[in-house]
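Read through the structure below, which is laid out as C-alpha cells, and then see the notes.
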Amino acid sequence: MAFVITSACQNEKAATCLAACPVDCIVLAGTQYVIDPDVCIDCGACETVCPVEAIYPQEELPADELGAIDLARNYFKP
Ligand code: SF4
C-alpha cells in the first residue's frame with residue numbers, strides 16, 4: 001500500500017518530499033507531484049515533511065481525493 005499525493009500539492013509544489021524520499025519515487029507530473037506506487041516502500045517520510053499535508057497513506061485518503069490513486073498509477077504505467 002503506497003502513499004499518495006493529493007490535490008493540495010497543486011497550489012504548493014514545495015518539493016520537500018523529494019529530498020525526504022529514500023527511494024526517489026516522487027516526480028513532478030504536470031500540475032503536482034506523484035508517487036510511484038510500485039517503488040514506494042511506505043516509510044512515511046514524505047508525509048511528515050509536506051508543508052500542506054497533501055500526502056496520505058492510500059488507505060487513509062479522503063473520499064474526495066480517491067482520484068489521486070489513478071493519477072499516480074496512470075502516470076507510471078508503462
Ligand atoms: Fe518515498 Fe517513503 Fe513517501 Fe513512499 S512513503 S514516497 S518511499 S518518502
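Chain identifiers are assigned as A, B, and so on, following the order in which chains appear in the C-alpha cells; residues are numbered from 1 within each chain, and ligands are numbered from 1 in order of appearance.
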Contacts of ligand 1, 7 Å or closer, only C-alpha atoms and all ligand atoms, given as a PDB file with N, CA and C atoms, in the first residue's frame:
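Everything below was put into selection_23.pdb:
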ATOM      1  N   ALA A   2       0.836   2.007  -1.061  1.00  0.00           N
ATOM      2  CA  ALA A   2       1.723   3.166  -1.206  1.00  0.00           C
ATOM      3  C   ALA A   2       1.114   4.422  -0.588  1.00  0.00           C
ATOM      4  N   PHE A   3       1.959   5.405  -0.424  1.00  0.00           N
ATOM      5  CA  PHE A   3       1.481   6.728  -0.060  1.00  0.00           C
ATOM      6  C   PHE A   3       1.034   7.450  -1.331  1.00  0.00           C
ATOM      7  N   CYS A  17       9.225  16.804  -0.202  1.00  0.00           N
ATOM      8  CA  CYS A  17       9.114  15.345  -0.175  1.00  0.00           C
ATOM      9  C   CYS A  17      10.213  14.674  -0.993  1.00  0.00           C
ATOM     10  N   ALA A  20      13.205  13.939   1.006  1.00  0.00           N
ATOM     11  CA  ALA A  20      12.919  13.031   2.117  1.00  0.00           C
ATOM     12  C   ALA A  20      12.798  11.578   1.667  1.00  0.00           C
ATOM     13  N   CYS A  21      12.459  11.365   0.415  1.00  0.00           N
ATOM     14  CA  CYS A  21      12.176  10.002  -0.056  1.00  0.00           C
ATOM     15  C   CYS A  21      13.465   9.199  -0.260  1.00  0.00           C
ATOM     16  N   PRO A  22      13.608   8.077   0.443  1.00  0.00           N
ATOM     17  CA  PRO A  22      14.837   7.289   0.350  1.00  0.00           C
ATOM     18  C   PRO A  22      14.960   6.478  -0.939  1.00  0.00           C
ATOM     19  N   VAL A  23      13.863   6.340  -1.681  1.00  0.00           N
ATOM     20  CA  VAL A  23      13.926   5.529  -2.900  1.00  0.00           C
ATOM     21  C   VAL A  23      13.639   6.338  -4.170  1.00  0.00           C
ATOM     22  N   ASP A  24      13.614   7.661  -4.024  1.00  0.00           N
ATOM     23  CA  ASP A  24      13.447   8.554  -5.180  1.00  0.00           C
ATOM     24  C   ASP A  24      12.261   8.184  -6.068  1.00  0.00           C
ATOM     25  N   CYS A  25      11.104   7.971  -5.449  1.00  0.00           N
ATOM     26  CA  CYS A  25       9.950   7.559  -6.255  1.00  0.00           C
ATOM     27  C   CYS A  25       8.913   8.666  -6.420  1.00  0.00           C
ATOM     28  N   ILE A  26       9.321   9.929  -6.149  1.00  0.00           N
ATOM     29  CA  ILE A  26       8.398  11.053  -6.299  1.00  0.00           C
ATOM     30  C   ILE A  26       8.869  11.923  -7.462  1.00  0.00           C
ATOM     31  N   ILE A  35       3.615   9.922  -6.557  1.00  0.00           N
ATOM     32  CA  ILE A  35       4.450   8.851  -6.003  1.00  0.00           C
ATOM     33  C   ILE A  35       4.264   7.585  -6.832  1.00  0.00           C
ATOM     34  N   CYS A  40       7.411   2.893  -3.973  1.00  0.00           N
ATOM     35  CA  CYS A  40       7.236   3.403  -2.606  1.00  0.00           C
ATOM     36  C   CYS A  40       7.342   2.267  -1.585  1.00  0.00           C
ATOM     37  N   ILE A  41       8.107   2.504  -0.542  1.00  0.00           N
ATOM     38  CA  ILE A  41       8.297   1.476   0.495  1.00  0.00           C
ATOM     39  C   ILE A  41       7.512   1.789   1.771  1.00  0.00           C
ATOM     40  N   ASP A  42       6.602   2.761   1.663  1.00  0.00           N
ATOM     41  CA  ASP A  42       5.697   3.069   2.787  1.00  0.00           C
ATOM     42  C   ASP A  42       6.414   3.563   4.041  1.00  0.00           C
ATOM     43  N   CYS A  43       7.471   4.307   3.879  1.00  0.00           N
ATOM     44  CA  CYS A  43       8.220   4.739   5.066  1.00  0.00           C
ATOM     45  C   CYS A  43       7.554   5.922   5.766  1.00  0.00           C
ATOM     46  N   GLY A  44       6.766   6.706   5.008  1.00  0.00           N
ATOM     47  CA  GLY A  44       6.058   7.834   5.610  1.00  0.00           C
ATOM     48  C   GLY A  44       6.872   9.106   5.742  1.00  0.00           C
ATOM     49  N   ALA A  45       8.098   9.107   5.277  1.00  0.00           N
ATOM     50  CA  ALA A  45       8.954  10.290   5.420  1.00  0.00           C
ATOM     51  C   ALA A  45       8.380  11.500   4.683  1.00  0.00           C
ATOM     52  N   CYS A  46       7.810  11.275   3.525  1.00  0.00           N
ATOM     53  CA  CYS A  46       7.266  12.380   2.733  1.00  0.00           C
ATOM     54  C   CYS A  46       6.064  13.013   3.426  1.00  0.00           C
ATOM     55  N   GLU A  47       5.228  12.195   4.012  1.00  0.00           N
ATOM     56  CA  GLU A  47       4.036  12.697   4.700  1.00  0.00           C
ATOM     57  C   GLU A  47       4.435  13.674   5.809  1.00  0.00           C
TER      58      GLU A  47
END
(request) Could you give me the residues within chain A that DSSP places in alpha helix (DSSP H), as a ChimeraX atom specification? (result) /A:16-20,45-49,67-76
(request) Please provide as a PyMOL selection string all residues within 7 Å of Val4 in chain A, with the sequence filter that same-chain residues fewer than 6 positions apart are discarded (counting only C-alpha atoms). (result) chain A and resi 35+55-58+68-69
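If you measure from each of A:Gln32, A:Glu60, A:Asn74, A:Pro51 to Asn11 in chain A using only C-alpha atoms, the closest one turns out to be A:Gln32.
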Tell me, which residues of chain A carry DSSP strand (DSSP E), written as a CSV table (one decimal) with N, CA, C and O atoms, in the first residue's frame?
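And here's states37.csv as it stands now:
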chain,number,residue,atom,x,y,z
A,3,PHE,N,2.0,5.4,-0.4
A,3,PHE,CA,1.5,6.7,-0.1
A,3,PHE,C,1.0,7.4,-1.3
A,3,PHE,O,1.5,7.1,-2.4
A,4,VAL,N,0.1,8.4,-1.2
A,4,VAL,CA,-0.5,9.1,-2.3
A,4,VAL,C,-0.5,10.6,-2.1
A,4,VAL,O,-0.8,11.1,-1.0
A,5,ILE,N,-0.1,11.4,-3.1
A,5,ILE,CA,-0.1,12.8,-3.0
A,5,ILE,C,-1.5,13.4,-3.6
A,5,ILE,O,-1.8,13.0,-4.7
A,26,ILE,N,9.3,9.9,-6.1
A,26,ILE,CA,8.4,11.1,-6.3
A,26,ILE,C,8.9,11.9,-7.5
A,26,ILE,O,10.0,12.3,-7.5
A,27,VAL,N,7.9,12.2,-8.4
A,27,VAL,CA,8.3,13.0,-9.6
A,27,VAL,C,7.2,14.0,-9.8
A,27,VAL,O,6.0,13.8,-9.4
A,28,LEU,N,7.6,15.1,-10.5
A,28,LEU,CA,6.6,16.1,-10.9
A,28,LEU,C,5.8,15.6,-12.1
A,28,LEU,O,6.5,15.3,-13.2
A,29,ALA,N,4.5,15.6,-12.0
A,29,ALA,CA,3.7,15.1,-13.1
A,29,ALA,C,2.8,16.2,-13.6
A,29,ALA,O,1.6,16.2,-13.2
A,32,GLN,N,1.2,18.6,-10.4
A,32,GLN,CA,1.5,18.2,-9.0
A,32,GLN,C,2.5,17.1,-9.0
A,32,GLN,O,2.8,16.4,-10.0
A,33,TYR,N,3.1,16.8,-7.8
A,33,TYR,CA,4.0,15.7,-7.6
A,33,TYR,C,3.2,14.4,-7.5
A,33,TYR,O,2.1,14.4,-6.9
A,34,VAL,N,3.8,13.3,-7.9
A,34,VAL,CA,3.1,12.0,-7.7
A,34,VAL,C,4.1,11.0,-7.2
A,34,VAL,O,5.3,11.1,-7.4
A,35,ILE,N,3.6,9.9,-6.6
A,35,ILE,CA,4.4,8.9,-6.0
A,35,ILE,C,4.3,7.6,-6.8
A,35,ILE,O,3.1,7.2,-7.1
A,55,ILE,N,0.0,14.6,1.6
A,55,ILE,CA,0.3,13.2,1.4
A,55,ILE,C,-0.3,12.3,2.5
A,55,ILE,O,-0.2,12.6,3.7
A,56,TYR,N,-0.9,11.2,2.0
A,56,TYR,CA,-1.6,10.2,2.9
A,56,TYR,C,-1.3,8.8,2.5
A,56,TYR,O,-1.0,8.5,1.4
A,57,PRO,N,-1.3,7.9,3.5
A,57,PRO,CA,-1.3,6.5,3.2
A,57,PRO,C,-2.6,6.2,2.3
A,57,PRO,O,-3.6,6.8,2.6
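As for CA of Ala54 in chain A and CA of Glu12 in chain A, they are spaced 9.3 Å apart.
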